[in-house]
Amino acid sequence: MLRLAVLASGGGSNLQAIIDATERGEIDARVVLVISNNSDCGALARAGKHGIEALHLSGRQFPGQAEFDAGLLEALAEHEVDLVILAGYMKLLSPTVVKAYRNRILNIHPALLPCFGGREMYGMRVHQAVIESGAKFSGVTVHVVDEKYDHGPIVAQRVVPVHQDDTAENLAQRVLIQEHKIYPQVIQLFAENRVRVEGNHVRIHSAG
Ligand code: GAR
């Protein structure tokens with residue numbers, strides 16, 4: 001049973017999809033900790049409803065980055081977390097944290113990386129940029145987290161069409177449906193120990 005910590009800043013619909021998948025027994029994993037930098041976000045409320053420990057951890061509570069990192073790493077260690085799941089977490093993790101959980105931190109991004117990613121590219125801004133670009137397809141990317149925003153080896157992607165009359169909101173809805181499917185599927189690949197990171201490439205080994 002893989003022990004997950006989910007870090008989220010917003011509504012937490014991806015968190016909910018993961019919790020639902022664990023409760024339905026679809027994935028061999030359990031969310032043992034939810035952490036947010038935002039004390040009144042939906043994600044923390046969702047954790048509470050499911051009896052999952054919820055922690056508000058913000059840079060402002062600590063004198064500096066090193067202390068914040070120590071607090072985060074302590075919480076992850078205390079809960080014996082195997083895999084850290086970023087689900088709409090809008091902060092960059094420091095190199096110290098990335099190093100401590102190398103290849104064991106995942107992020108979901110609502111577009112096809114390496115396009116439409118980076119520091120200012122989150123939430124609705126991503127969909128707006130996709131629509132403005134005239135691209136006919138967008139999608140979802142789940143990747144292993146490294147030291148840069150929306151960067152690191154890609155584990156899985158799904159393609160979503162962009163319709164010519166789409167608004168950012170419509171596109172976001174269509175992409176979210178795929179996000180909610182792909183994240184639990186990727187977590188299950190990790191639970192089955194089928195994922196190997198080799199440089200910039202992720203290889204998925206066959207089951208059994
Ligand atoms: C999701 O669409 C996720 O892909 C995106 O934020 C949303 C969070 O929704 N993440 C990023 O843009 C990261 N660069 P949720 O809180 O309902 O899961």
# chains A, B, ... in the order shown; residues from 1 in each chain; ligands from 1
>>> select_by_dssp(residues="region 10-157 of chain A", states="alpha helix (DSSP H)", output="MDAnalysis selection string")
chainID A and resid 13:23 42:49 65:78 95:100 124:133
>>> residues_near_ligand(ligand="ligand 1", cutoff="6 Å", atoms="only C-alpha atoms and all ligand atoms", output="PDB file with N, CA and C atoms, in the first residue's frame")
ATOM      1  N   GLY A  10      -5.559  24.750  -4.123  1.00  0.00           N
ATOM      2  CA  GLY A  10      -6.863  25.247  -4.539  1.00  0.00           C
ATOM      3  C   GLY A  10      -8.021  24.349  -4.161  1.00  0.00           C
ATOM      4  N   GLY A  11      -8.942  24.201  -5.110  1.00  0.00           N
ATOM      5  CA  GLY A  11     -10.190  23.489  -4.857  1.00  0.00           C
ATOM      6  C   GLY A  11     -10.014  22.021  -4.527  1.00  0.00           C
ATOM      7  N   GLY A  12      -9.001  21.413  -5.109  1.00  0.00           N
ATOM      8  CA  GLY A  12      -8.699  20.030  -4.750  1.00  0.00           C
ATOM      9  C   GLY A  12      -9.515  18.979  -5.490  1.00  0.00           C
ATOM     10  N   SER A  13      -9.943  19.264  -6.728  1.00  0.00           N
ATOM     11  CA  SER A  13     -10.711  18.231  -7.433  1.00  0.00           C
ATOM     12  C   SER A  13      -9.829  17.039  -7.797  1.00  0.00           C
ATOM     13  N   ASN A  14      -8.549  17.278  -8.070  1.00  0.00           N
ATOM     14  CA  ASN A  14      -7.645  16.138  -8.319  1.00  0.00           C
ATOM     15  C   ASN A  14      -7.432  15.326  -7.045  1.00  0.00           C
ATOM     16  N   LEU A  15      -7.281  16.029  -5.927  1.00  0.00           N
ATOM     17  CA  LEU A  15      -7.183  15.326  -4.645  1.00  0.00           C
ATOM     18  C   LEU A  15      -8.403  14.431  -4.463  1.00  0.00           C
ATOM     19  N   ALA A  87      -0.933  18.433  -6.650  1.00  0.00           N
ATOM     20  CA  ALA A  87      -2.225  18.475  -7.344  1.00  0.00           C
ATOM     21  C   ALA A  87      -2.747  19.909  -7.256  1.00  0.00           C
ATOM     22  N   GLY A  88      -2.294  20.744  -8.201  1.00  0.00           N
ATOM     23  CA  GLY A  88      -2.666  22.145  -8.137  1.00  0.00           C
ATOM     24  C   GLY A  88      -1.929  22.856  -7.009  1.00  0.00           C
ATOM     25  N   ILE A 108       0.918  17.320 -11.786  1.00  0.00           N
ATOM     26  CA  ILE A 108       0.007  17.278 -12.928  1.00  0.00           C
ATOM     27  C   ILE A 108      -0.092  18.689 -13.494  1.00  0.00           C
ATOM     28  N   HIS A 109      -0.063  18.754 -14.826  1.00  0.00           N
ATOM     29  CA  HIS A 109      -0.142  20.059 -15.490  1.00  0.00           C
ATOM     30  C   HIS A 109      -1.226  19.985 -16.557  1.00  0.00           C
ATOM     31  N   PRO A 110      -2.069  21.039 -16.654  1.00  0.00           N
ATOM     32  CA  PRO A 110      -3.228  20.943 -17.554  1.00  0.00           C
ATOM     33  C   PRO A 110      -2.924  21.346 -18.994  1.00  0.00           C
ATOM     34  N   MET A 121       2.569  29.905 -15.574  1.00  0.00           N
ATOM     35  CA  MET A 121       1.565  29.091 -16.273  1.00  0.00           C
ATOM     36  C   MET A 121       0.884  28.133 -15.304  1.00  0.00           C
ATOM     37  N   TYR A 122      -0.226  28.578 -14.756  1.00  0.00           N
ATOM     38  CA  TYR A 122      -0.982  27.691 -13.883  1.00  0.00           C
ATOM     39  C   TYR A 122      -2.470  27.977 -14.047  1.00  0.00           C
ATOM     40  N   GLY A 123      -3.257  26.966 -13.711  1.00  0.00           N
ATOM     41  CA  GLY A 123      -4.712  27.122 -13.733  1.00  0.00           C
ATOM     42  C   GLY A 123      -5.223  27.656 -15.062  1.00  0.00           C
ATOM     43  N   LEU A 176      -9.890  18.727 -17.209  1.00  0.00           N
ATOM     44  CA  LEU A 176     -10.009  18.202 -15.829  1.00  0.00           C
ATOM     45  C   LEU A 176     -10.551  16.778 -15.800  1.00  0.00           C
TER      46      LEU A 176
END
>>> closest_residue(among="A:Ala70, A:Ala54, A:Val162, A:Val81", to="Leu4 (chain A)", atoms="only C-alpha atoms")
A:Val81
>>> closest_residue(among="A:Met90, A:Ala47, A:Ala168, A:Val160", to="Glu132 (chain A)", atoms="only C-alpha atoms")
A:Ala168
>>> atom_distance(atom1="CA of Gly139 (chain A)", atom2="CA of Arg174 (chain A)")
8.9 Å
>>> select_by_dssp(residues="region 33-118 of chain A", states="strand (DSSP E or B)", output="ChimeraX atom specification")
/A:33-36,53-56,83-86,105-109
>>> closest_residue(among="A:Leu72, A:Leu112, A:Val130, A:Ile35", to="Leu86 (chain A)", atoms="only C-alpha atoms")
A:Ile35
>>> residues_around(residues="Ile18 (chain A)", least_positions_apart="6", cutoff="10 Å", atoms="only C-alpha atoms", output="number ranges by chain")
A: 4, 6, 12, 24, 26-27, 29-31, 85, 87, 180-185, 187
>>> residues_around(residues="Cys115 (chain A)", least_positions_apart="5", cutoff="10 Å", atoms="only C-alpha atoms", output="count of residues only")
4
>>> atom_distance(atom1="CA of Ile52 (chain A)", atom2="CA of Ser94 (chain A)")
25.1 Å
>>> closest_residue(among="A:Ala172, A:Met1, A:Cys41, A:Val140", to="Pro114 (chain A)", atoms="only C-alpha atoms")
A:Val140
>>> closest_residue(among="A:Ala191, A:Met124, A:Val145, A:Arg203", to="Gln173 (chain A)", atoms="only C-alpha atoms")
A:Met124
>>> residues_around(residues="His143 (chain A)", least_positions_apart="4", cutoff="6 Å", atoms="only C-alpha atoms", output="VMD selection string")
chain A and resid 106 to 107 153 to 155
>>> decode(residues="region 106-135 of chain A", atoms="N, CA, C and O atoms", output="mmCIF file, in the first residue's frame")
data_model
loop_
_atom_site.group_PDB
_atom_site.id
_atom_site.type_symbol
_atom_site.label_atom_id
_atom_site.label_comp_id
_atom_site.auth_asym_id
_atom_site.auth_seq_id
_atom_site.Cartn_x
_atom_site.Cartn_y
_atom_site.Cartn_z
ATOM 1 N N LEU A 106 5.449 13.773 -7.928
ATOM 2 C CA LEU A 106 4.780 13.916 -9.223
ATOM 3 C C LEU A 106 3.997 15.224 -9.256
ATOM 4 O O LEU A 106 3.523 15.695 -8.231
ATOM 5 N N ASN A 107 3.862 15.746 -10.483
ATOM 6 C CA ASN A 107 3.031 16.939 -10.671
ATOM 7 C C ASN A 107 2.085 16.685 -11.835
ATOM 8 O O ASN A 107 2.415 15.945 -12.764
ATOM 9 N N ILE A 108 0.918 17.320 -11.786
ATOM 10 C CA ILE A 108 0.007 17.278 -12.928
ATOM 11 C C ILE A 108 -0.092 18.689 -13.494
ATOM 12 O O ILE A 108 -0.171 19.668 -12.741
ATOM 13 N N HIS A 109 -0.063 18.754 -14.826
ATOM 14 C CA HIS A 109 -0.142 20.059 -15.490
ATOM 15 C C HIS A 109 -1.226 19.985 -16.557
ATOM 16 O O HIS A 109 -1.281 19.010 -17.311
ATOM 17 N N PRO A 110 -2.069 21.039 -16.654
ATOM 18 C CA PRO A 110 -3.228 20.943 -17.554
ATOM 19 C C PRO A 110 -2.924 21.346 -18.994
ATOM 20 O O PRO A 110 -3.685 22.106 -19.596
ATOM 21 N N ALA A 111 -1.830 20.841 -19.549
ATOM 22 C CA ALA A 111 -1.485 21.062 -20.960
ATOM 23 C C ALA A 111 -0.441 20.018 -21.338
ATOM 24 O O ALA A 111 0.009 19.241 -20.488
ATOM 25 N N LEU A 112 -0.079 20.028 -22.614
ATOM 26 C CA LEU A 112 0.911 19.062 -23.079
ATOM 27 C C LEU A 112 2.308 19.669 -22.952
ATOM 28 O O LEU A 112 2.767 20.398 -23.829
ATOM 29 N N LEU A 113 2.980 19.370 -21.851
ATOM 30 C CA LEU A 113 4.361 19.852 -21.670
ATOM 31 C C LEU A 113 5.239 19.192 -22.727
ATOM 32 O O LEU A 113 4.916 18.103 -23.178
ATOM 33 N N PRO A 114 6.323 19.828 -23.173
ATOM 34 C CA PRO A 114 6.937 21.026 -22.600
ATOM 35 C C PRO A 114 6.331 22.340 -23.076
ATOM 36 O O PRO A 114 6.922 23.393 -22.812
ATOM 37 N N CYS A 115 5.166 22.327 -23.736
ATOM 38 C CA CYS A 115 4.530 23.599 -24.113
ATOM 39 C C CYS A 115 3.619 24.087 -22.980
ATOM 40 O O CYS A 115 3.068 23.278 -22.237
ATOM 41 N N PHE A 116 3.427 25.375 -22.920
ATOM 42 C CA PHE A 116 2.461 25.992 -22.002
ATOM 43 C C PHE A 116 2.722 25.654 -20.535
ATOM 44 O O PHE A 116 1.787 25.419 -19.768
ATOM 45 N N GLY A 117 3.993 25.590 -20.175
ATOM 46 C CA GLY A 117 4.354 25.378 -18.768
ATOM 47 C C GLY A 117 5.251 26.507 -18.296
ATOM 48 O O GLY A 117 5.555 27.426 -19.047
ATOM 49 N N GLY A 118 5.654 26.436 -17.046
ATOM 50 C CA GLY A 118 6.597 27.421 -16.503
ATOM 51 C C GLY A 118 5.983 28.237 -15.391
ATOM 52 O O GLY A 118 4.818 28.058 -15.037
ATOM 53 N N ARG A 119 6.782 29.136 -14.886
ATOM 54 C CA ARG A 119 6.467 29.866 -13.651
ATOM 55 C C ARG A 119 5.067 30.496 -13.619
ATOM 56 O O ARG A 119 4.327 30.315 -12.669
ATOM 57 N N GLU A 120 4.714 31.231 -14.646
ATOM 58 C CA GLU A 120 3.429 31.950 -14.609
ATOM 59 C C GLU A 120 2.276 31.128 -15.198
ATOM 60 O O GLU A 120 1.163 31.625 -15.344
ATOM 61 N N MET A 121 2.569 29.905 -15.574
ATOM 62 C CA MET A 121 1.565 29.091 -16.273
ATOM 63 C C MET A 121 0.884 28.133 -15.304
ATOM 64 O O MET A 121 1.370 27.013 -15.083
ATOM 65 N N TYR A 122 -0.226 28.578 -14.756
ATOM 66 C CA TYR A 122 -0.982 27.691 -13.883
ATOM 67 C C TYR A 122 -2.470 27.977 -14.047
ATOM 68 O O TYR A 122 -2.873 29.063 -14.487
ATOM 69 N N GLY A 123 -3.257 26.966 -13.711
ATOM 70 C CA GLY A 123 -4.712 27.122 -13.733
ATOM 71 C C GLY A 123 -5.223 27.656 -15.062
ATOM 72 O O GLY A 123 -4.789 27.261 -16.139
ATOM 73 N N MET A 124 -6.130 28.629 -14.978
ATOM 74 C CA MET A 124 -6.836 29.139 -16.154
ATOM 75 C C MET A 124 -5.902 29.842 -17.142
ATOM 76 O O MET A 124 -6.184 29.898 -18.335
ATOM 77 N N ARG A 125 -4.774 30.351 -16.648
ATOM 78 C CA ARG A 125 -3.827 31.029 -17.552
ATOM 79 C C ARG A 125 -3.322 30.076 -18.637
ATOM 80 O O ARG A 125 -3.038 30.494 -19.755
ATOM 81 N N VAL A 126 -3.167 28.818 -18.243
ATOM 82 C CA VAL A 126 -2.666 27.814 -19.194
ATOM 83 C C VAL A 126 -3.674 27.663 -20.333
ATOM 84 O O VAL A 126 -3.309 27.718 -21.511
ATOM 85 N N HIS A 127 -4.941 27.515 -19.975
ATOM 86 C CA HIS A 127 -5.979 27.282 -21.001
ATOM 87 C C HIS A 127 -6.149 28.517 -21.885
ATOM 88 O O HIS A 127 -6.366 28.402 -23.092
ATOM 89 N N GLN A 128 -6.051 29.689 -21.273
ATOM 90 C CA GLN A 128 -6.139 30.927 -22.046
ATOM 91 C C GLN A 128 -5.008 30.998 -23.071
ATOM 92 O O GLN A 128 -5.231 31.335 -24.239
ATOM 93 N N ALA A 129 -3.807 30.639 -22.646
ATOM 94 C CA ALA A 129 -2.643 30.671 -23.548
ATOM 95 C C ALA A 129 -2.807 29.649 -24.677
ATOM 96 O O ALA A 129 -2.450 29.933 -25.826
ATOM 97 N N VAL A 130 -3.341 28.497 -24.361
ATOM 98 C CA VAL A 130 -3.554 27.464 -25.393
ATOM 99 C C VAL A 130 -4.542 27.986 -26.436
ATOM 100 O O VAL A 130 -4.291 27.912 -27.648
ATOM 101 N N ILE A 131 -5.646 28.568 -25.972
ATOM 102 C CA ILE A 131 -6.665 29.081 -26.900
ATOM 103 C C ILE A 131 -6.072 30.206 -27.758
ATOM 104 O O ILE A 131 -6.229 30.212 -28.980
ATOM 105 N N GLU A 132 -5.353 31.113 -27.132
ATOM 106 C CA GLU A 132 -4.755 32.224 -27.893
ATOM 107 C C GLU A 132 -3.744 31.750 -28.925
ATOM 108 O O GLU A 132 -3.558 32.370 -29.966
ATOM 109 N N SER A 133 -3.102 30.616 -28.660
ATOM 110 C CA SER A 133 -2.076 30.108 -29.593
ATOM 111 C C SER A 133 -2.688 29.546 -30.864
ATOM 112 O O SER A 133 -1.994 29.350 -31.858
ATOM 113 N N GLY A 134 -3.993 29.225 -30.814
ATOM 114 C CA GLY A 134 -4.631 28.603 -31.973
ATOM 115 C C GLY A 134 -4.401 27.100 -32.055
ATOM 116 O O GLY A 134 -4.777 26.469 -33.049
ATOM 117 N N ALA A 135 -3.801 26.508 -31.036
ATOM 118 C CA ALA A 135 -3.554 25.058 -31.048
ATOM 119 C C ALA A 135 -4.869 24.298 -31.133
ATOM 120 O O ALA A 135 -5.884 24.729 -30.567
#
